[in-house]
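Raw data_7.txt, compact mmCIF, C-alpha atoms:
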# COMPACT_ATOMS: atom_id res chain seq x y z
CA MET A 1 0.00 0.00 0.00
CA GLU A 2 1.41 3.37 -1.06
CA MET A 3 2.22 5.98 1.58
CA GLU A 4 0.07 9.11 1.51
CA PRO A 5 1.49 12.44 0.22
CA ASN A 6 3.44 14.49 2.80
CA PHE A 7 3.65 11.56 5.18
CA LEU A 8 7.20 12.48 6.21
CA ASP A 9 5.89 15.76 7.54
CA ARG A 10 2.67 14.35 9.02
CA TYR A 11 4.35 11.55 10.98
CA GLN A 12 7.69 13.26 11.69
CA ARG A 13 7.26 13.05 15.48
CA GLN A 14 6.90 9.27 15.45
CA LEU A 15 9.13 8.50 12.44
CA SER A 16 12.00 9.74 14.57
CA LEU A 17 11.32 6.97 17.10
CA ARG A 18 13.64 4.05 16.45
CA GLU A 19 10.70 1.75 17.33
CA VAL A 20 8.62 3.22 14.48
CA GLY A 21 10.78 4.56 11.64
CA MET A 22 9.89 4.05 7.99
CA GLY A 23 9.30 0.32 8.38
CA GLY A 24 6.87 0.84 11.23
CA GLN A 25 5.04 3.62 9.43
CA ARG A 26 4.57 1.37 6.40
CA ALA A 27 3.27 -1.39 8.68
CA LEU A 28 0.76 1.05 10.18
CA ARG A 29 -0.33 2.16 6.72
CA ALA A 30 -0.90 -1.45 5.63
CA ALA A 31 -2.66 -2.54 8.86
CA ARG A 32 -6.36 -3.41 8.90
CA VAL A 33 -7.94 -2.71 12.28
CA MET A 34 -11.50 -3.65 13.18
CA ILE A 35 -13.11 -1.69 15.98
CA ILE A 36 -16.24 -3.20 17.48
CA GLY A 37 -18.20 -0.57 19.37
CA LEU A 38 -17.82 3.17 18.78
CA GLY A 39 -18.67 4.36 22.29
CA GLY A 40 -16.52 5.55 25.19
CA LEU A 41 -13.64 3.19 24.39
CA GLY A 42 -14.04 3.12 20.62
CA CYS A 43 -13.77 6.91 20.18
CA PRO A 44 -10.21 7.31 21.54
CA VAL A 45 -9.14 4.11 19.77
CA VAL A 46 -10.33 5.49 16.41
CA GLN A 47 -8.85 8.92 17.05
CA TYR A 48 -5.36 7.82 18.13
CA LEU A 49 -4.99 5.02 15.59
CA SER A 50 -6.10 7.12 12.63
CA ALA A 51 -3.82 9.97 13.72
CA ALA A 52 -0.92 7.49 13.99
CA GLY A 53 -1.43 6.43 10.36
CA VAL A 54 -3.32 3.14 10.50
CA GLY A 55 -4.38 2.86 6.88
CA ASN A 56 -7.51 0.72 7.00
CA PHE A 57 -10.40 0.59 9.42
CA VAL A 58 -13.46 -1.58 9.70
CA LEU A 59 -15.93 0.03 12.11
CA VAL A 60 -18.81 -2.01 13.52
CA ASP A 61 -21.63 -0.52 15.60
CA ALA A 62 -25.40 -0.55 15.20
CA ASP A 63 -25.95 2.37 17.61
CA ARG A 64 -26.86 5.94 16.81
CA VAL A 65 -25.48 8.97 18.67
CA SER A 66 -27.57 10.06 21.65
CA LEU A 67 -27.31 13.08 23.95
CA SER A 68 -26.05 10.99 26.88
CA ASN A 69 -23.10 9.82 24.72
CA LEU A 70 -21.60 13.31 24.45
CA GLN A 71 -20.29 13.26 28.07
CA ARG A 72 -17.55 10.78 27.05
CA GLN A 73 -17.64 10.06 23.31
CA LEU A 74 -15.62 12.95 21.96
CA LEU A 75 -15.97 12.13 18.26
CA TYR A 76 -19.57 13.29 18.29
CA THR A 77 -21.27 16.66 18.61
CA GLN A 78 -24.84 17.69 19.23
CA ASN A 79 -25.36 17.94 15.47
CA ASP A 80 -24.71 14.19 15.16
CA ILE A 81 -27.56 13.06 17.42
CA SER A 82 -29.57 10.23 15.83
CA ARG A 83 -26.90 9.56 13.18
CA PHE A 84 -25.14 6.19 13.02
CA LYS A 85 -21.94 6.38 15.06
CA VAL A 86 -19.93 4.58 12.40
CA GLU A 87 -20.97 7.15 9.76
CA VAL A 88 -19.89 10.07 11.95
CA ALA A 89 -16.65 8.28 12.85
CA LYS A 90 -15.89 7.64 9.17
CA GLU A 91 -16.35 11.34 8.39
CA TRP A 92 -14.13 12.30 11.33
CA ILE A 93 -11.32 9.96 10.19
CA GLN A 94 -11.48 11.18 6.60
CA LYS A 95 -11.42 14.81 7.70
CA GLN A 96 -8.35 14.00 9.75
CA ASN A 97 -6.74 12.10 6.85
CA PRO A 98 -8.57 11.57 3.53
CA HIS A 99 -6.12 8.82 2.54
CA ILE A 100 -7.37 6.35 5.15
CA ASN A 101 -9.75 3.60 4.01
CA VAL A 102 -12.81 3.16 6.20
CA GLU A 103 -15.42 0.45 5.86
CA ILE A 104 -18.47 0.72 8.09
CA HIS A 105 -21.08 -1.79 9.26
CA THR A 106 -24.28 -0.85 11.05
CA GLU A 107 -25.04 -4.48 11.76
CA MET A 108 -23.53 -5.64 15.08
CA LEU A 109 -21.20 -8.61 15.09
CA SER A 110 -23.21 -11.84 15.29
CA ALA A 111 -22.49 -15.54 15.05
CA LYS A 112 -23.81 -15.29 11.47
CA ASN A 113 -21.55 -12.49 10.20
CA ALA A 114 -18.48 -12.96 12.47
CA THR A 115 -16.41 -15.03 10.02
CA ALA A 116 -17.02 -12.64 7.12
CA TYR A 117 -16.32 -9.57 9.27
CA LEU A 118 -13.12 -10.95 10.80
CA ALA A 119 -11.70 -11.80 7.38
CA LEU A 120 -11.50 -8.02 6.81
CA ALA A 121 -9.09 -7.37 9.70
CA ASP A 122 -5.60 -8.16 10.98
CA ILE A 123 -6.49 -7.25 14.56
CA VAL A 124 -9.76 -6.61 16.39
CA VAL A 125 -10.37 -4.06 19.15
CA ASP A 126 -13.20 -4.89 21.53
CA CYS A 127 -14.84 -1.64 22.56
CA SER A 128 -18.22 -3.22 23.19
CA ASP A 129 -20.29 -2.73 26.31
CA ASN A 130 -21.79 -6.16 27.02
CA PHE A 131 -20.72 -9.71 27.75
CA ALA A 132 -22.55 -11.32 24.82
CA ALA A 133 -20.41 -9.26 22.40
CA ARG A 134 -17.17 -9.91 24.31
CA TYR A 135 -17.62 -13.71 24.31
CA LEU A 136 -18.65 -13.66 20.66
CA ILE A 137 -15.53 -11.64 19.77
CA ASN A 138 -13.37 -14.01 21.83
CA ASP A 139 -14.71 -17.19 20.28
CA ALA A 140 -14.81 -15.82 16.74
CA CYS A 141 -11.22 -14.55 17.03
CA ALA A 142 -10.11 -17.91 18.47
CA SER A 143 -11.57 -19.81 15.54
CA ALA A 144 -10.36 -17.26 12.94
CA ASN A 145 -6.86 -17.01 14.54
CA LYS A 146 -7.11 -13.25 15.00
CA PRO A 147 -5.62 -11.30 17.89
CA TRP A 148 -7.90 -8.95 19.78
CA VAL A 149 -7.44 -6.17 22.29
CA TYR A 150 -9.85 -6.32 25.20
CA GLY A 151 -10.86 -3.26 27.20
CA SER A 152 -13.66 -2.72 29.67
CA ILE A 153 -14.57 -0.33 32.43
CA ALA A 154 -16.52 -0.34 35.71
CA LYS A 155 -17.02 2.95 37.58
CA PHE A 156 -13.40 4.11 38.23
CA GLU A 157 -11.63 0.93 37.13
CA GLY A 158 -10.60 -0.62 33.84
CA GLN A 159 -9.22 -3.88 32.47
CA VAL A 160 -7.03 -4.29 29.38
CA ALA A 161 -5.49 -7.37 27.74
CA VAL A 162 -4.32 -8.66 24.36
CA PHE A 163 -5.85 -12.04 23.67
CA ASN A 164 -5.10 -14.72 21.09
CA ALA A 165 -2.00 -13.00 19.69
CA LEU A 166 0.66 -15.03 17.95
CA ILE A 167 3.63 -15.16 20.32
CA LYS A 168 6.92 -16.96 20.49
CA ALA A 169 6.86 -19.58 23.22
CA ALA A 170 9.30 -18.06 25.72
CA GLU A 171 11.48 -20.38 27.77
CA ASP A 172 10.93 -18.21 30.80
CA GLU A 173 7.64 -16.43 31.38
CA HIS A 174 9.40 -13.29 32.54
CA GLN A 175 11.41 -12.96 29.35
CA ASP A 176 10.28 -10.48 26.78
CA ILE A 177 8.02 -12.12 24.29
CA LEU A 178 8.75 -11.53 20.65
CA VAL A 179 5.62 -10.91 18.69
CA SER A 180 5.38 -11.70 15.03
CA GLN A 181 2.67 -11.47 12.45
CA SER A 182 4.61 -13.25 9.77
CA SER A 183 5.02 -16.94 10.49
CA GLU A 184 2.82 -19.42 12.32
CA GLU A 185 5.82 -21.75 12.70
CA SER A 186 7.24 -22.04 16.23
CA PHE A 187 4.68 -19.56 17.48
CA ILE A 188 1.71 -20.15 19.72
CA ARG A 189 -1.48 -18.21 20.46
CA SER A 190 -1.56 -16.24 23.71
CA LEU A 191 -4.30 -16.96 26.24
CA ASN A 192 -7.79 -15.63 25.71
CA TYR A 193 -10.76 -14.23 27.61
CA ARG A 194 -12.09 -17.67 28.54
CA ASP A 195 -8.80 -18.40 30.30
CA VAL A 196 -9.65 -15.52 32.64
CA PHE A 197 -13.43 -15.82 32.84
CA PRO A 198 -14.51 -19.16 31.35
CA ASN A 199 -18.21 -18.30 31.20
CA PRO A 200 -20.28 -15.10 31.06
CA PRO A 201 -21.82 -13.88 34.34
CA GLY A 202 -25.57 -14.13 34.79
CA ASP A 203 -27.88 -11.53 33.27
CA GLY A 204 -27.85 -8.32 35.30
CA GLU A 205 -25.09 -9.55 37.64
CA ILE A 206 -22.51 -6.98 36.52
CA GLN A 207 -23.63 -3.40 36.00
CA ASN A 208 -22.80 -1.61 32.74
CA CYS A 209 -21.90 2.10 32.42
CA ALA A 210 -25.54 3.15 32.07
CA GLU A 211 -26.39 1.44 35.36
CA ALA A 212 -23.21 2.02 37.39
CA GLY A 213 -22.12 5.38 35.96
CA VAL A 214 -18.72 6.36 34.53
CA LEU A 215 -16.56 9.44 34.05
CA GLY A 216 -15.59 10.08 30.44
CA VAL A 217 -11.92 10.41 31.33
CA LEU A 218 -11.71 6.75 32.42
CA ALA A 219 -13.08 5.61 29.05
CA GLY A 220 -10.46 7.88 27.43
CA ILE A 221 -7.64 6.36 29.51
CA ILE A 222 -8.60 2.73 28.92
CA GLY A 223 -9.34 3.34 25.21
CA SER A 224 -5.91 4.97 24.92
CA PHE A 225 -4.31 1.91 26.56
CA GLN A 226 -6.08 -0.26 23.97
CA ALA A 227 -4.84 1.97 21.12
CA MET A 228 -1.30 1.67 22.51
CA GLU A 229 -1.52 -2.14 22.49
CA VAL A 230 -2.72 -2.10 18.87
CA LEU A 231 0.23 0.09 17.86
CA LYS A 232 2.65 -2.18 19.75
CA TRP A 233 1.22 -5.22 18.01
CA ILE A 234 1.45 -3.65 14.54
CA LEU A 235 4.97 -2.39 15.20
CA GLY A 236 6.10 -5.70 16.74
CA LEU A 237 7.21 -4.06 19.99
CA HIS A 238 8.01 -5.86 23.24
CA GLY A 239 5.80 -5.62 26.30
CA LEU A 240 2.47 -6.48 24.71
CA LEU A 241 -0.15 -7.33 27.36
CA VAL A 242 -0.28 -11.02 26.44
CA ASN A 243 -0.94 -13.73 29.04
CA GLN A 244 -1.65 -10.87 31.42
CA MET A 245 -4.56 -8.64 32.34
CA LEU A 246 -3.86 -5.06 33.33
CA THR A 247 -6.17 -3.39 35.82
CA TYR A 248 -6.19 0.35 36.39
CA ASN A 249 -7.86 2.35 39.15
CA ALA A 250 -8.38 6.04 38.36
CA ILE A 251 -8.88 7.06 42.01
CA ASP A 252 -5.41 6.13 43.27
CA HIS A 253 -3.79 5.47 39.86
CA SER A 254 -2.85 1.95 40.94
CA MET A 255 -2.10 -0.50 38.15
CA VAL A 256 -1.65 -4.24 38.50
CA LYS A 257 -0.70 -6.72 35.79
CA PHE A 258 -2.26 -10.06 36.73
CA GLN A 259 -0.61 -13.14 35.24
CA LEU A 260 -2.91 -15.58 33.45
CA ASP A 261 -2.70 -19.33 33.26
CA SER A 262 -4.35 -21.54 30.69
CA ASN A 263 -7.78 -22.79 31.64
CA SER A 264 -7.84 -26.37 30.45
CA ASP A 265 -11.62 -26.58 30.88
CA ARG A 266 -12.41 -23.83 28.42
CA LYS A 267 -14.91 -24.68 25.73
CA TYR A 268 -16.03 -22.75 22.68
CA MET B 269 -8.05 -6.62 47.45
CA SER B 270 -11.41 -6.57 45.76
CA TYR B 271 -12.12 -4.97 42.41
CA GLY B 272 -15.05 -3.58 40.45
CA GLY B 273 -18.58 -4.05 41.73
CA LEU B 274 -17.41 -6.56 44.38
CA THR B 275 -16.17 -3.64 46.48
CA ASP B 276 -19.81 -2.56 46.87
CA ILE B 277 -20.38 -5.89 48.65
CA THR B 278 -17.18 -6.08 50.70
CA GLY B 279 -17.37 -2.39 51.64
CA SER B 280 -13.65 -1.82 51.07
CA ASP B 281 -11.12 -2.69 48.42
CA ALA B 282 -8.60 -3.80 51.08
CA LEU B 283 -9.61 -6.75 53.28
CA GLY B 284 -7.64 -8.66 55.91
CA PHE B 285 -7.96 -12.39 56.58
CA ALA B 286 -6.07 -14.50 59.10
CA ILE B 287 -4.92 -17.80 57.64
CA PRO B 288 -6.46 -20.37 60.02
CA GLN B 289 -4.24 -23.34 59.13
CA GLN B 290 -1.35 -24.63 57.07
CA ALA B 291 -2.21 -25.74 53.53
CA PHE B 292 -5.15 -23.32 53.31
CA THR B 293 -6.57 -23.69 49.81
CA VAL B 294 -8.35 -21.15 47.64
CA ALA B 295 -11.53 -23.27 47.96
CA GLU B 296 -11.30 -22.99 51.77
CA PHE B 297 -10.62 -19.27 51.50
CA LYS B 298 -13.75 -18.90 49.35
CA SER B 299 -15.89 -20.58 52.07
CA LEU B 300 -14.50 -18.16 54.64
CA LEU B 301 -15.12 -15.25 52.30
CA LEU B 302 -18.74 -16.26 51.61
CA ALA B 303 -19.39 -16.69 55.33
CA ARG B 304 -18.21 -13.11 55.91
CA TYR B 305 -19.90 -11.69 52.79
CA PRO B 306 -22.94 -13.85 51.91
CA ALA B 307 -23.88 -11.47 49.07
CA LEU B 308 -20.84 -12.77 47.13
CA GLU B 309 -22.65 -16.11 46.70
CA GLY B 310 -23.23 -16.77 43.01
CA LYS B 311 -21.11 -13.82 41.87
CA THR B 312 -18.65 -14.32 39.02
CA PHE B 313 -15.06 -13.55 40.01
CA ARG B 314 -11.56 -15.01 39.85
CA ILE B 315 -9.12 -15.21 42.69
CA ALA B 316 -5.54 -14.11 42.20
CA VAL B 317 -2.75 -14.77 44.67
CA ASN B 318 0.25 -12.47 44.47
CA GLU B 319 -1.01 -11.12 41.14
CA ARG B 320 -1.49 -14.48 39.45
CA PHE B 321 -4.89 -16.06 38.82
CA VAL B 322 -5.04 -19.45 40.53
CA ASP B 323 -7.41 -22.40 40.74
CA GLU B 324 -9.28 -23.70 43.80
CA LYS B 325 -6.53 -26.14 44.83
CA PHE B 326 -3.87 -23.47 45.14
CA GLU B 327 -2.58 -23.05 48.72
CA ILE B 328 -2.52 -19.56 50.18
CA GLY B 329 0.22 -18.66 52.64
CA SER B 330 0.43 -16.04 55.36
CA GLY B 331 1.32 -12.65 53.90
CA ASP B 332 0.06 -13.53 50.42
CA ASN B 333 -1.83 -10.83 48.57
CA VAL B 334 -5.22 -12.18 47.49
CA ALA B 335 -7.38 -10.36 44.92
CA LEU B 336 -11.02 -10.89 43.93
CA MET B 337 -11.46 -9.93 40.29
CA PRO B 338 -14.85 -9.78 38.53
CA PRO B 339 -15.24 -9.24 34.80
CA PHE B 340 -16.15 -5.66 33.81
CA SER B 341 -18.71 -4.99 31.14
CA GLY B 342 -18.70 -1.25 30.44
CA GLY B 343 -17.39 0.35 27.29
In structure tokens, how does this file's structure come out?
Amino acid sequence: MEMEPNFLDRYQRQLSLREVGMGGQRALRAARVMIIGLGGLGCPVVQYLSAAGVGNFVLVDADRVSLSNLQRQLLYTQNDISRFKVEVAKEWIQKQNPHINVEIHTEMLSAKNATAYLALADIVVDCSDNFAARYLINDACASANKPWVYGSIAKFEGQVAVFNALIKAAEDEHQDILVSQSSEESFIRSLNYRDVFPNPPGDGEIQNCAEAGVLGVLAGIIGSFQAMEVLKWILGLHGLLVNQMLTYNAIDHSMVKFQLDSNSDRKY
Amino acid sequence: MSYGGLTDITGSDALGFAIPQQAFTVAEFKSLLLARYPALEGKTFRIAVNERFVDEKFEIGSGDNVALMPPFSGG
């Protein structure tokens, strides 16, 4: 995929990073990122990844913009109320950079369309707001061999992890893990959501943002963490949140990276 | 430590438990926990010891840091 005009100027601040450089910028340009959910998490993910030069997006969300979204979903304005979120997001991206390809779907991910949708992407970002979607994304990505970046929030806390990424089997778990997108040989898939929580909680057991409440800033922080993991995956950087789940608390700024072990009982 | 909505049940994110015996398993800890906080019955959460998720047979030692982690749903 050809680089856009004036890209040296546009991306100068990150091209000068040894971890990005020309090779990394080309990888970003060629990357196909699917974002499922264009709400509190999805907005910062779209904004940071498009600004960084990700060349291809697939946006999936059936929701329309409502007034109560504007407190935390900074892509949208009052003029966008009742419009499909993915349509507004596409316009925003193409205003920011007309050379980015954006495909939009107003049909939510379902067992029926998951295979066809996932074929369009190299990596999936879960910015959904319910367990049915998260388990569907997990199981569809497991069967399609796609990595996905999980993010979720509860009041002042958030969780982030990279699931089902291709990783080199490290001899020691504390060693840096080399991530590759190129060869399946001698690589294994990192653990997934069912290794942490094998089955969804009961209906109504865990409150969502509408029920529990949330400050927009927390969605911005956790969405930004997700965007960072996507960039690290595309660029092949060390330190990806694989076989770990990061938790963040916005009140005291405490962060803990919990280590995950394989759950041998998991079933899809 | 408890996380997410579980803190609404436990009343604090930092809880103290005395280990009553040697070879105190996660399953035994869970019984003690449910006796102190009956509203946790039926709730979905994982237990981590010293920042690693463990199964019910894992033995907790004195001074270990135990965390109760529910899944979050918001986005």
| task | Identify, on the basis of all atoms listed in the file, every residue whose closest approach to segment 106-112 of chain A does not exceed 12 Å; exclude the query and any residue fewer than 6 positions from it along the same chain; express the result as a PyMOL selection string. | result | chain A and resi 34-38+58-64+83-88+118+124+126+128+132-141+143
Return as JSON the centre and edge lengths, in Å with one decimal, of the box along x, y and z that encloses every atom of segment 319-322 of chain B in the file, padded by 6 Å per side.
{"center_x": -3.0, "center_y": -15.3, "center_z": 40.0, "size_x": 16.0, "size_y": 20.3, "size_z": 14.3}
Closest atom pairs, residues of segment 179-246 of chain A within 10 Å of segment 316-335 of chain B, only C-alpha atoms, as JSON lines:
{"residue": "A:Asp195", "atom": "CA", "partner": "B:Phe321", "partner_atom": "CA", "distance": 9.7}
{"residue": "A:Val196", "atom": "CA", "partner": "B:Phe321", "partner_atom": "CA", "distance": 7.8}
{"residue": "A:Gln244", "atom": "CA", "partner": "B:Arg320", "partner_atom": "CA", "distance": 8.8}
{"residue": "A:Met245", "atom": "CA", "partner": "B:Arg320", "partner_atom": "CA", "distance": 9.7}
| query | Counting only C-alpha atoms, which of A:Ala144, A:Leu8, A:Leu67, A:Leu41 gets nearest to Ala119 of chain A? | reply | A:Ala144
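Residues surrounding Arg304 of chain B within 12 Å are Ile277, Thr278, Gly279, Leu283, Gly284, Phe285, Phe297 and Lys298 of chain B [all atoms listed in the file; sequence separation below 6 positions excluded].
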| request: State, in Å with one decimal place, the distance from atom CA of Asp129 of chain A to atom CA of Lys311 of chain B. | output: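 We find that atom CA of Asp129 of chain A and atom CA of Lys311 of chain B lie 19.1 Å from each other.
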| field | Distance filter 7 Å, all atoms listed in the file, chain A against chain B, as a list in words | value |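 Selected residues: Gly39, Gly40, Leu41, Cys127, Ser128, Asp129, Asn130, Phe131, Ser152, Ile153, Ala154, Glu157, Pro201, Ile206, Asn208, Cys209, Lys257, Phe258, Gln259, Leu260 and Asp261 of chain A.
Picture a line from atom CA of Val217 of chain A to atom CA of Leu75 of chain A; it runs 13.8 Å.
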| request: Find the distance between atom CA of Ile315 of chain B and atom CA of Leu241 of chain A and write it in Å to one decimal. | output: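 Atom CA of Ile315 of chain B sits 19.4 Å away from atom CA of Leu241 of chain A.
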| message | Give me, as a PyMOL selection string, all polymer residues having an atom no more than 12 Å from Ser254 of chain A, counting all atoms listed in the file and skipping those fewer than 3 positions away in the same chain. | response | (chain A and resi 156-158+246-251+257) or (chain B and resi 269+271)
| task | Considering only C-alpha atoms, return as a PyMOL selection string whatever protein or nucleic-acid residues lie within 7 Å of Leu191 of chain A, sequence-local ones (same chain, fewer than 4 positions apart) excluded. | result | chain A and resi 163-164+195+243+262
Skipping near chain neighbours, those fewer than 5 positions away, what residues fall within 9 Å of Ala27 of chain A using all atoms listed in the file, listed as a short mmCIF file (atom, residue, chain, number, x, y, z; two decimals) with C-alpha atoms, in the frame of the given file?
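Written file, result-v2.cif:
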data_model
loop_
_atom_site.label_atom_id
_atom_site.label_comp_id
_atom_site.auth_asym_id
_atom_site.auth_seq_id
_atom_site.Cartn_x
_atom_site.Cartn_y
_atom_site.Cartn_z
CA MET A 22 9.89 4.05 7.99
CA VAL A 54 -3.32 3.14 10.50
CA GLY A 55 -4.38 2.86 6.88
CA ILE A 234 1.45 -3.65 14.54
CA LEU A 235 4.97 -2.39 15.20
#
| task | Rank A:Ala30, A:Leu240, A:Val65, A:Val45 by their smallest atom-to-atom distance to Val125 of chain A, using all atoms listed in the file, and report the top residue only. | result | A:Val45
| For Gln159 of chain A, which residue out of A:Ala89, A:Ala114, A:Leu231, A:Met255 is the nearest one, using only C-alpha atoms? | A:Met255
